[in-house]
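Structure file start_15.cif (mmCIF, C-alpha atoms (C1' of nucleotides)) is printed below.
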```cif
data_work
loop_
_atom_site.group_PDB
_atom_site.id
_atom_site.type_symbol
_atom_site.label_atom_id
_atom_site.label_comp_id
_atom_site.auth_asym_id
_atom_site.auth_seq_id
_atom_site.Cartn_x
_atom_site.Cartn_y
_atom_site.Cartn_z
ATOM 1 C CA MET C 41 76.105 106.039 93.184
ATOM 2 C CA PRO C 42 73.678 104.692 90.596
ATOM 3 C CA GLU C 43 71.600 101.692 91.522
ATOM 4 C CA THR C 44 73.762 98.796 90.470
ATOM 5 C CA GLU C 45 71.715 96.176 88.716
ATOM 6 C CA VAL C 46 73.849 93.114 88.024
ATOM 7 C CA ASP C 47 71.988 90.138 86.610
ATOM 8 C CA ASP C 48 73.022 86.522 85.998
ATOM 9 C CA LEU C 49 74.431 87.316 82.566
ATOM 10 C CA ASP C 50 76.637 90.019 84.093
ATOM 11 C CA HIS C 51 77.824 87.570 86.737
ATOM 12 C CA ALA C 52 78.656 85.027 84.051
ATOM 13 C CA ILE C 53 80.656 87.644 82.168
ATOM 14 C CA LEU C 54 82.478 88.642 85.371
ATOM 15 C CA ARG C 55 83.363 85.021 86.041
ATOM 16 C CA LEU C 56 84.808 84.669 82.544
ATOM 17 C CA LEU C 57 86.812 87.873 82.948
ATOM 18 C CA HIS C 58 87.987 86.670 86.348
ATOM 19 C CA GLU C 59 89.434 83.555 84.709
ATOM 20 C CA ASP C 60 91.027 85.491 81.875
ATOM 21 C CA ALA C 61 90.698 89.254 81.613
ATOM 22 C CA ARG C 62 92.093 89.288 78.076
ATOM 23 C CA ARG C 63 89.289 87.169 76.665
ATOM 24 C CA THR C 64 87.754 88.675 73.551
ATOM 25 C CA TYR C 65 84.165 89.930 73.550
ATOM 26 C CA ALA C 66 83.414 87.392 70.814
ATOM 27 C CA ASP C 67 84.599 84.551 73.025
ATOM 28 C CA MET C 68 82.601 85.733 76.044
ATOM 29 C CA ALA C 69 79.555 86.369 73.874
ATOM 30 C CA GLU C 70 79.554 82.814 72.590
ATOM 31 C CA ARG C 71 79.896 81.356 76.089
ATOM 32 C CA VAL C 72 77.099 83.377 77.662
ATOM 33 C CA GLY C 73 74.826 83.265 74.610
ATOM 34 C CA LEU C 74 74.824 86.916 73.587
ATOM 35 C CA SER C 75 76.085 88.883 70.620
ATOM 36 C CA THR C 76 79.485 90.524 70.902
ATOM 37 C CA ALA C 77 77.889 93.977 70.843
ATOM 38 C CA ALA C 78 75.617 93.161 73.765
ATOM 39 C CA THR C 79 78.518 91.665 75.700
ATOM 40 C CA LYS C 80 80.690 94.707 75.170
ATOM 41 C CA ARG C 81 77.853 96.973 76.194
ATOM 42 C CA ARG C 82 77.451 95.064 79.477
ATOM 43 C CA VAL C 83 81.176 95.228 80.224
ATOM 44 C CA ASP C 84 81.230 98.946 79.419
ATOM 45 C CA ARG C 85 78.250 99.501 81.697
ATOM 46 C CA MET C 86 79.881 97.621 84.576
ATOM 47 C CA ARG C 87 83.051 99.675 84.154
ATOM 48 C CA GLU C 88 81.018 102.855 84.035
ATOM 49 C CA SER C 89 79.019 101.994 87.145
ATOM 50 C CA GLY C 90 82.099 101.000 89.122
ATOM 51 C CA VAL C 91 81.326 97.309 89.458
ATOM 52 C CA ILE C 92 84.465 96.626 87.438
ATOM 53 C CA THR C 93 87.324 98.709 88.819
ATOM 54 C CA GLY C 94 90.045 97.514 86.473
ATOM 55 C CA PHE C 95 91.924 94.719 84.797
ATOM 56 C CA THR C 96 95.308 93.515 85.948
ATOM 57 C CA VAL C 97 98.010 90.958 85.319
ATOM 58 C CA GLN C 98 98.904 88.305 87.884
ATOM 59 C CA VAL C 99 102.631 87.668 88.187
ATOM 60 C CA ASP C 100 104.750 85.080 89.985
ATOM 61 C CA HIS C 101 106.706 87.431 92.237
ATOM 62 C CA ALA C 102 109.136 84.674 93.208
ATOM 63 C CA ARG C 103 110.340 84.576 89.592
ATOM 64 C CA LEU C 104 110.919 88.309 89.678
ATOM 65 C CA GLY C 105 113.238 88.022 92.670
ATOM 66 C CA TRP C 106 110.716 88.807 95.430
ATOM 67 C CA PRO C 107 110.023 85.347 96.878
ATOM 68 C CA VAL C 108 109.214 86.234 100.500
ATOM 69 C CA GLU C 109 105.707 87.255 101.531
ATOM 70 C CA ALA C 110 104.538 88.245 105.008
ATOM 71 C CA PHE C 111 101.760 89.934 106.943
ATOM 72 C CA SER C 112 102.533 92.403 109.700
ATOM 73 C CA GLU C 113 99.937 93.101 112.347
ATOM 74 C CA ILE C 114 100.384 96.625 113.643
ATOM 75 C CA ARG C 115 99.156 98.575 116.653
ATOM 76 C CA TYR C 116 99.329 102.354 116.577
ATOM 77 C CA ALA C 117 99.200 104.933 119.325
ATOM 78 C CA GLY C 118 95.742 106.245 120.096
ATOM 79 C CA THR C 119 96.538 109.524 118.408
ATOM 80 C CA ALA C 120 97.043 108.044 114.944
ATOM 81 C CA SER C 121 94.247 108.552 112.435
ATOM 82 C CA VAL C 122 93.311 105.979 109.841
ATOM 83 C CA SER C 123 94.693 108.035 106.994
ATOM 84 C CA GLU C 124 98.005 108.452 108.833
ATOM 85 C CA ILE C 125 98.186 104.706 109.343
ATOM 86 C CA VAL C 126 97.569 103.961 105.699
ATOM 87 C CA ASP C 127 99.881 106.724 104.515
ATOM 88 C CA SER C 128 102.850 105.689 106.611
ATOM 89 C CA ALA C 129 102.582 102.039 105.634
ATOM 90 C CA SER C 130 101.809 102.510 101.963
ATOM 91 C CA ARG C 131 104.832 104.766 101.587
ATOM 92 C CA GLN C 132 107.018 101.673 101.861
ATOM 93 C CA PRO C 133 107.446 100.268 98.344
ATOM 94 C CA GLU C 134 107.485 96.695 99.675
ATOM 95 C CA VAL C 135 103.976 97.094 101.070
ATOM 96 C CA GLN C 136 101.429 95.520 98.750
ATOM 97 C CA ALA C 137 98.264 96.157 100.729
ATOM 98 C CA VAL C 138 97.104 97.767 103.973
ATOM 99 C CA TYR C 139 93.939 96.620 105.746
ATOM 100 C CA THR C 140 92.620 98.771 108.567
ATOM 101 C CA LEU C 141 90.874 96.724 111.218
ATOM 102 C CA ALA C 142 88.283 96.731 113.970
ATOM 103 C CA GLY C 143 89.487 95.503 117.337
ATOM 104 C CA ASP C 144 92.712 95.762 119.255
ATOM 105 C CA LEU C 145 94.797 95.521 116.096
ATOM 106 C CA ASP C 146 94.832 98.619 113.932
ATOM 107 C CA ALA C 147 96.207 97.358 110.638
ATOM 108 C CA LEU C 148 97.269 94.284 108.738
ATOM 109 C CA VAL C 149 100.026 95.040 106.244
ATOM 110 C CA GLN C 150 100.935 92.684 103.414
ATOM 111 C CA VAL C 151 104.561 92.913 102.313
ATOM 112 C CA ARG C 152 106.640 91.328 99.565
ATOM 113 C CA VAL C 153 110.445 91.225 99.910
ATOM 114 C CA ARG C 154 113.607 89.700 98.430
ATOM 115 C CA ASP C 155 114.849 87.847 101.515
ATOM 116 C CA LEU C 156 114.669 87.742 105.306
ATOM 117 C CA ALA C 157 117.175 90.541 105.796
ATOM 118 C CA HIS C 158 115.033 92.675 103.559
ATOM 119 C CA LEU C 159 111.943 91.685 105.580
ATOM 120 C CA GLN C 160 113.612 92.776 108.788
ATOM 121 C CA GLU C 161 114.538 96.085 107.225
ATOM 122 C CA VAL C 162 110.957 96.713 106.131
ATOM 123 C CA ILE C 163 109.574 95.831 109.559
ATOM 124 C CA ASP C 164 112.087 98.179 111.165
ATOM 125 C CA ARG C 165 110.982 100.944 108.838
ATOM 126 C CA LEU C 166 107.335 100.256 109.644
ATOM 127 C CA ARG C 167 108.046 100.345 113.383
ATOM 128 C CA ARG C 168 109.983 103.592 113.187
ATOM 129 C CA ASN C 169 107.374 105.213 111.058
ATOM 130 C CA GLY C 170 104.725 107.333 112.735
ATOM 131 C CA THR C 171 103.281 106.150 116.014
ATOM 132 C CA VAL C 172 103.611 102.386 115.892
ATOM 133 C CA THR C 173 103.453 100.809 119.334
ATOM 134 C CA GLY C 174 103.744 97.141 118.388
ATOM 135 C CA THR C 175 103.978 94.654 115.553
ATOM 136 C CA ARG C 176 103.719 90.929 114.996
ATOM 137 C CA THR C 177 104.825 89.438 111.722
ATOM 138 C CA LEU C 178 103.376 86.336 110.090
ATOM 139 C CA MET C 179 105.612 84.702 107.481
ATOM 140 C CA VAL C 180 103.741 83.186 104.572
ATOM 141 C CA LEU C 181 104.856 79.663 103.678
ATOM 142 C CA GLY C 182 102.241 78.974 101.038
ATOM 143 C CA ARG C 183 99.168 80.520 99.529
ATOM 144 C CA TRP C 184 95.992 79.394 97.867
ATOM 145 C CA THR C 185 93.816 81.864 95.982
ATOM 146 C CA ARG C 186 90.368 81.248 94.520
ATOM 147 C CA THR C 187 90.498 80.275 90.841
ATOM 148 C CA MET S 602 112.210 75.764 86.272
ATOM 149 C CA PRO S 603 113.730 77.495 83.248
ATOM 150 C CA GLU S 604 116.076 80.359 83.938
ATOM 151 C CA THR S 605 113.837 83.382 84.013
ATOM 152 C CA GLU S 606 115.449 86.311 82.310
ATOM 153 C CA VAL S 607 113.311 89.419 82.752
ATOM 154 C CA ASP S 608 114.847 92.638 81.498
ATOM 155 C CA ASP S 609 113.824 96.278 81.839
ATOM 156 C CA LEU S 610 111.581 96.126 78.770
ATOM 157 C CA ASP S 611 109.732 93.156 80.250
ATOM 158 C CA HIS S 612 109.303 95.052 83.520
ATOM 159 C CA ALA S 613 107.927 98.032 81.629
ATOM 160 C CA ILE S 614 105.442 95.788 79.849
ATOM 161 C CA LEU S 615 104.435 94.173 83.153
ATOM 162 C CA ARG S 616 103.851 97.586 84.671
ATOM 163 C CA LEU S 617 101.605 98.576 81.781
ATOM 164 C CA LEU S 618 99.671 95.322 82.048
ATOM 165 C CA HIS S 619 99.395 95.835 85.803
ATOM 166 C CA GLU S 620 97.706 99.172 85.185
ATOM 167 C CA ASP S 621 95.389 97.785 82.522
ATOM 168 C CA ALA S 622 95.539 94.156 81.480
ATOM 169 C CA ARG S 623 93.325 94.776 78.460
ATOM 170 C CA ARG S 624 95.723 97.185 76.812
ATOM 171 C CA THR S 625 96.412 96.328 73.185
ATOM 172 C CA TYR S 626 99.827 95.139 72.079
ATOM 173 C CA ALA S 627 99.961 98.132 69.735
ATOM 174 C CA ASP S 628 99.477 100.511 72.666
ATOM 175 C CA MET S 629 102.114 98.828 74.821
ATOM 176 C CA ALA S 630 104.516 98.638 71.898
ATOM 177 C CA GLU S 631 104.303 102.377 71.322
ATOM 178 C CA ARG S 632 104.892 103.145 75.005
ATOM 179 C CA VAL S 633 107.920 100.892 75.417
ATOM 180 C CA GLY S 634 109.357 101.627 71.974
ATOM 181 C CA LEU S 635 109.007 98.230 70.325
ATOM 182 C CA SER S 636 106.995 96.821 67.467
ATOM 183 C CA THR S 637 103.719 95.108 68.267
ATOM 184 C CA ALA S 638 105.153 91.770 67.191
ATOM 185 C CA ALA S 639 108.094 92.040 69.579
ATOM 186 C CA THR S 640 105.782 93.123 72.399
ATOM 187 C CA LYS S 641 103.445 90.204 71.870
ATOM 188 C CA ARG S 642 106.367 87.800 71.734
ATOM 189 C CA ARG S 643 107.632 89.064 75.108
ATOM 190 C CA VAL S 644 104.203 88.701 76.701
ATOM 191 C CA ASP S 645 103.833 85.217 75.236
ATOM 192 C CA ARG S 646 107.247 84.276 76.544
ATOM 193 C CA MET S 647 106.455 85.540 80.043
ATOM 194 C CA ARG S 648 103.216 83.565 80.047
ATOM 195 C CA GLU S 649 105.051 80.479 78.828
ATOM 196 C CA SER S 650 107.803 80.777 81.431
ATOM 197 C CA GLY S 651 105.340 81.317 84.273
ATOM 198 C CA VAL S 652 106.300 84.895 85.105
ATOM 199 C CA ILE S 653 102.776 85.898 84.079
ATOM 200 C CA THR S 654 100.295 83.542 85.726
ATOM 201 C CA GLY S 655 97.133 85.107 84.389
ATOM 202 C CA PHE S 656 94.989 88.141 83.765
ATOM 203 C CA THR S 657 92.007 89.016 85.921
ATOM 204 C CA VAL S 658 89.286 91.573 86.469
ATOM 205 C CA GLN S 659 89.113 93.666 89.624
ATOM 206 C CA VAL S 660 85.576 94.093 90.955
ATOM 207 C CA ASP S 661 84.001 96.198 93.680
ATOM 208 C CA HIS S 662 82.596 93.388 95.795
ATOM 209 C CA ALA S 663 80.521 95.797 97.852
ATOM 210 C CA ARG S 664 78.500 96.616 94.735
ATOM 211 C CA LEU S 665 77.851 92.946 94.185
ATOM 212 C CA GLY S 666 76.314 92.540 97.611
ATOM 213 C CA TRP S 667 79.388 91.222 99.454
ATOM 214 C CA PRO S 668 80.502 94.303 101.428
ATOM 215 C CA VAL S 669 82.088 92.631 104.454
ATOM 216 C CA GLU S 670 85.706 91.484 104.378
ATOM 217 C CA ALA S 671 87.615 89.768 107.185
ATOM 218 C CA PHE S 672 90.719 87.763 108.007
ATOM 219 C CA SER S 673 90.533 84.710 110.248
ATOM 220 C CA GLU S 674 93.649 83.520 111.998
ATOM 221 C CA ILE S 675 93.422 79.779 112.541
ATOM 222 C CA ARG S 676 95.250 77.227 114.669
ATOM 223 C CA TYR S 677 94.939 73.568 113.798
ATOM 224 C CA ALA S 678 95.648 70.415 115.807
ATOM 225 C CA GLY S 679 99.153 69.061 115.423
ATOM 226 C CA THR S 680 97.902 66.201 113.296
ATOM 227 C CA ALA S 681 96.653 68.414 110.469
ATOM 228 C CA SER S 682 98.806 68.575 107.337
ATOM 229 C CA VAL S 683 99.172 71.680 105.237
ATOM 230 C CA SER S 684 97.110 70.273 102.388
ATOM 231 C CA GLU S 685 94.301 69.375 104.808
ATOM 232 C CA ILE S 686 94.363 72.913 106.166
ATOM 233 C CA VAL S 687 94.129 74.473 102.738
ATOM 234 C CA ASP S 688 91.521 71.977 101.532
ATOM 235 C CA SER S 689 89.155 72.457 104.452
ATOM 236 C CA ALA S 690 89.296 76.244 104.265
ATOM 237 C CA SER S 691 89.196 76.626 100.503
ATOM 238 C CA ARG S 692 86.088 74.439 100.354
ATOM 239 C CA GLN S 693 84.104 77.347 101.805
ATOM 240 C CA PRO S 694 82.911 79.473 98.893
ATOM 241 C CA GLU S 695 83.278 82.655 100.953
ATOM 242 C CA VAL S 696 87.018 82.048 101.366
ATOM 243 C CA GLN S 697 89.003 84.166 98.931
ATOM 244 C CA ALA S 698 92.530 83.160 99.925
ATOM 245 C CA VAL S 699 94.350 80.918 102.379
ATOM 246 C CA TYR S 700 97.861 81.725 103.582
ATOM 247 C CA THR S 701 99.745 79.023 105.468
ATOM 248 C CA LEU S 702 102.119 80.460 108.032
ATOM 249 C CA ALA S 703 105.256 79.914 110.030
ATOM 250 C CA GLY S 704 104.899 80.324 113.782
ATOM 251 C CA ASP S 705 102.190 79.552 116.269
ATOM 252 C CA LEU S 706 99.437 80.455 113.824
ATOM 253 C CA ASP S 707 98.835 77.913 111.079
ATOM 254 C CA ALA S 708 96.779 79.834 108.572
ATOM 255 C CA LEU S 709 95.374 83.236 107.695
ATOM 256 C CA VAL S 710 92.094 82.987 105.802
ATOM 257 C CA GLN S 711 90.626 85.897 103.860
ATOM 258 C CA VAL S 712 86.837 85.826 103.617
ATOM 259 C CA ARG S 713 84.206 87.940 101.869
ATOM 260 C CA VAL S 714 80.593 87.865 103.074
ATOM 261 C CA ARG S 715 77.237 89.600 102.740
ATOM 262 C CA ASP S 716 76.799 90.676 106.353
ATOM 263 C CA LEU S 717 77.840 89.947 109.923
ATOM 264 C CA ALA S 718 75.434 87.045 110.346
ATOM 265 C CA HIS S 719 76.955 85.527 107.264
ATOM 266 C CA LEU S 720 80.443 86.090 108.677
ATOM 267 C CA GLN S 721 79.542 84.290 111.867
ATOM 268 C CA GLU S 722 78.181 81.382 109.857
ATOM 269 C CA VAL S 723 81.409 81.116 107.847
ATOM 270 C CA ILE S 724 83.552 81.225 110.975
ATOM 271 C CA ASP S 725 81.403 78.536 112.560
ATOM 272 C CA ARG S 726 81.880 76.385 109.486
ATOM 273 C CA LEU S 727 85.638 76.963 109.566
ATOM 274 C CA ARG S 728 85.792 76.019 113.248
ATOM 275 C CA ARG S 729 83.744 72.857 112.800
ATOM 276 C CA ASN S 730 85.766 71.796 109.809
ATOM 277 C CA GLY S 731 88.659 69.405 110.311
ATOM 278 C CA THR S 732 90.883 69.881 113.314
ATOM 279 C CA VAL S 733 90.619 73.578 114.119
ATOM 280 C CA THR S 734 91.632 74.349 117.686
ATOM 281 C CA GLY S 735 91.240 78.105 117.700
ATOM 282 C CA THR S 736 90.394 81.176 115.614
ATOM 283 C CA ARG S 737 90.630 84.930 115.852
ATOM 284 C CA THR S 738 88.835 87.100 113.341
ATOM 285 C CA LEU S 739 89.969 90.520 112.158
ATOM 286 C CA MET S 740 87.245 92.643 110.563
ATOM 287 C CA VAL S 741 88.424 94.821 107.705
ATOM 288 C CA LEU S 742 87.237 98.421 107.916
ATOM 289 C CA GLY S 743 89.167 99.746 104.940
ATOM 290 C CA ARG S 744 91.751 98.639 102.468
ATOM 291 C CA TRP S 745 94.496 100.201 100.420
ATOM 292 C CA THR S 746 96.105 98.294 97.557
ATOM 293 C CA ARG S 747 99.148 99.312 95.523
ATOM 294 C CA THR S 748 98.255 101.083 92.236
ATOM 295 C "C1'" DC R 548 115.835 89.480 69.267
ATOM 296 C "C1'" DG R 549 114.311 92.741 66.273
ATOM 297 C "C1'" DT R 550 111.288 94.570 62.194
ATOM 298 C "C1'" DG R 551 107.675 95.070 58.753
ATOM 299 C "C1'" DA R 552 103.829 93.507 56.041
ATOM 300 C "C1'" DA R 553 99.715 90.651 54.869
ATOM 301 C "C1'" DA R 554 95.623 87.966 56.075
ATOM 302 C "C1'" DA R 555 92.462 86.853 59.529
ATOM 303 C "C1'" DC R 556 90.106 88.152 63.172
ATOM 304 C "C1'" DC R 557 88.066 91.300 66.349
ATOM 305 C "C1'" DC R 558 86.334 95.688 67.771
ATOM 306 C "C1'" DC R 559 83.128 99.067 67.529
ATOM 307 C "C1'" DT R 560 79.622 101.939 65.741
ATOM 308 C "C1'" DG R 561 75.182 102.762 63.728
ATOM 309 C "C1'" DG R 562 70.604 101.331 62.539
ATOM 310 C "C1'" DC R 563 66.720 98.772 63.764
ATOM 311 C "C1'" DA R 564 63.386 95.117 66.225
ATOM 312 C "C1'" DT F 134 67.768 95.388 75.850
ATOM 313 C "C1'" DG F 135 68.977 92.827 72.011
ATOM 314 C "C1'" DC F 136 70.804 91.593 66.955
ATOM 315 C "C1'" DC F 137 73.030 92.378 62.424
ATOM 316 C "C1'" DA F 138 76.301 94.417 59.338
ATOM 317 C "C1'" DG F 139 80.079 97.143 57.739
ATOM 318 C "C1'" DG F 140 84.614 99.675 57.850
ATOM 319 C "C1'" DG F 141 88.603 100.216 60.490
ATOM 320 C "C1'" DG F 142 91.912 98.635 63.751
ATOM 321 C "C1'" DT F 143 94.356 94.741 66.050
ATOM 322 C "C1'" DT F 144 96.220 90.431 66.300
ATOM 323 C "C1'" DT F 145 98.939 86.974 64.566
ATOM 324 C "C1'" DT F 146 102.008 84.835 61.607
ATOM 325 C "C1'" DC F 147 105.565 84.942 58.330
ATOM 326 C "C1'" DA F 148 110.020 85.883 56.086
ATOM 327 C "C1'" DC F 149 113.936 88.289 56.857
ATOM 328 C "C1'" DG F 150 117.961 91.396 59.088
#
```

Output the file's structure in the form of structure tokens.
Amino acid sequence: MPETEVDDLDHAILRLLHEDARRTYADMAERVGLSTAATKRRVDRMRESGVITGFTVQVDHARLGWPVEAFSEIRYAGTASVSEIVDSASRQPEVQAVYTLAGDLDALVQVRVRDLAHLQEVIDRLRRNGTVTGTRTLMVLGRWTRT
Amino acid sequence: MPETEVDDLDHAILRLLHEDARRTYADMAERVGLSTAATKRRVDRMRESGVITGFTVQVDHARLGWPVEAFSEIRYAGTASVSEIVDSASRQPEVQAVYTLAGDLDALVQVRVRDLAHLQEVIDRLRRNGTVTGTRTLMVLGRWTRT
DNA sequence: CGTGAAAACCCCTGGCA
DNA sequence: TGCCAGGGGTTTTCACG
């Protein structure tokens, strides 16, 4: 774990990449007031140090036939370990993310499905799996995400 | 809403971009068995049609000094509209995402903060804001995200 | 919708302040 | 750390099947 020094220029570059990860180094360089070589070197360094973990595409899942999104709060039996919780949930292909929690809830699972019947099927699979003792599902009606 | 026709080749390209959004068209073309021109045209078309909504960088927030992540479940007074709910929450810079929900909960708010004192401050701000009638906060201990 | 080729642009490395 | 400069690769557009 090297000491991660991230200055204002790095933050500016990260903000530009957050808006559009396919921006060219030349474009970013002009906006932050550096040369393209210096900009690339900073991006490479942030990748190397682990500040940047990757670049990804954002898709409109509804247009790909997966319009229904939900969160499932899950309680597990006291014997379940964290890795078992994550493993059993992440095995389901509809599960997008698993958050393990402090408190009486053990996990918050984000799922993406084709329709309500499909949602019920996924929840049933989650409940059967491992040592689940209870679930509560929150259906997402709308979402807002920063920039 | 144009009819969105996404075939297997498009899905293959999306998967490659999901793994690394900064891949070159030449690289993707070779992997899916198309020319670079055809590959670029498909990506352009998916951007145009709204299937692709953007490209973004993934960062390790902990290394940027924001190691604490939490979800806040929020109930609003019956007079609050959905847009008011989203507006009041998204105004907080620490709020990463707002999900509006069906059921007795009105919203699930994802926040990212520097420490626990900071978390308490954000929750206080959320509670004061608008017509919040109740909150419950889930602290994230760990997260798993697909690929 | 696909290819292939040409020009423009960008990446990337090396050398130096 | 930063800039400049060059050769090589990529992007982008075009005409065409």

What does the PyMOL selection byres ((chain C) within 9 of (chain R)) select in this file, as a PyMOL selection string?
chain C and resi 64-66+77

Residues returned when the PyMOL selection byres ((chain S) within 6 of (chain C)) runs on this file, as a PyMOL selection string
chain S and resi 618-619+621-623+652-661+697-703+740-747

Return as JSON the centre and edge lengths, in Å with one decimal, of the box along x, y and z that encloses every atom of segment 614-632 of chain S in the file, padded by 8 Å per side.
```
{"center_x": 99.4, "center_y": 98.7, "center_z": 77.8, "size_x": 28.1, "size_y": 25.0, "size_z": 32.1}
```

Might you spell out which residues the PyMOL selection byres ((chain F) within 12 of (chain C)) would select in the displayed file, as a VMD selection string?
chain F and resid 134 to 138 143 to 144

Taking (103.1, 83.0, 64.2) in the file's own coordinates, collect the residues within 10 Å, counting only C-alpha atoms (C1' of nucleotides), and hand them back as a PyMOL selection string.
(chain S and resi 638+642) or (chain F and resi 145-147)

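Taking atom CA of Asn730 of chain S as the reference point, atom CA of Thr680 of chain S is found at 13.8 Å.
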
Atomic distance atom CA of Asp628 of chain S - atom CA of Thr640 of chain S, expressed in Å with one decimal
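So the two atoms, atom CA of Asp628 of chain S and atom CA of Thr640 of chain S, lie 9.7 Å apart.
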
For atom CA of Glu685 of chain S and atom CA of Val733 of chain S, the interatomic separation in Å (one decimal)
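Taking atom CA of Glu685 of chain S and atom CA of Val733 of chain S, their separation equals 10.9 Å.
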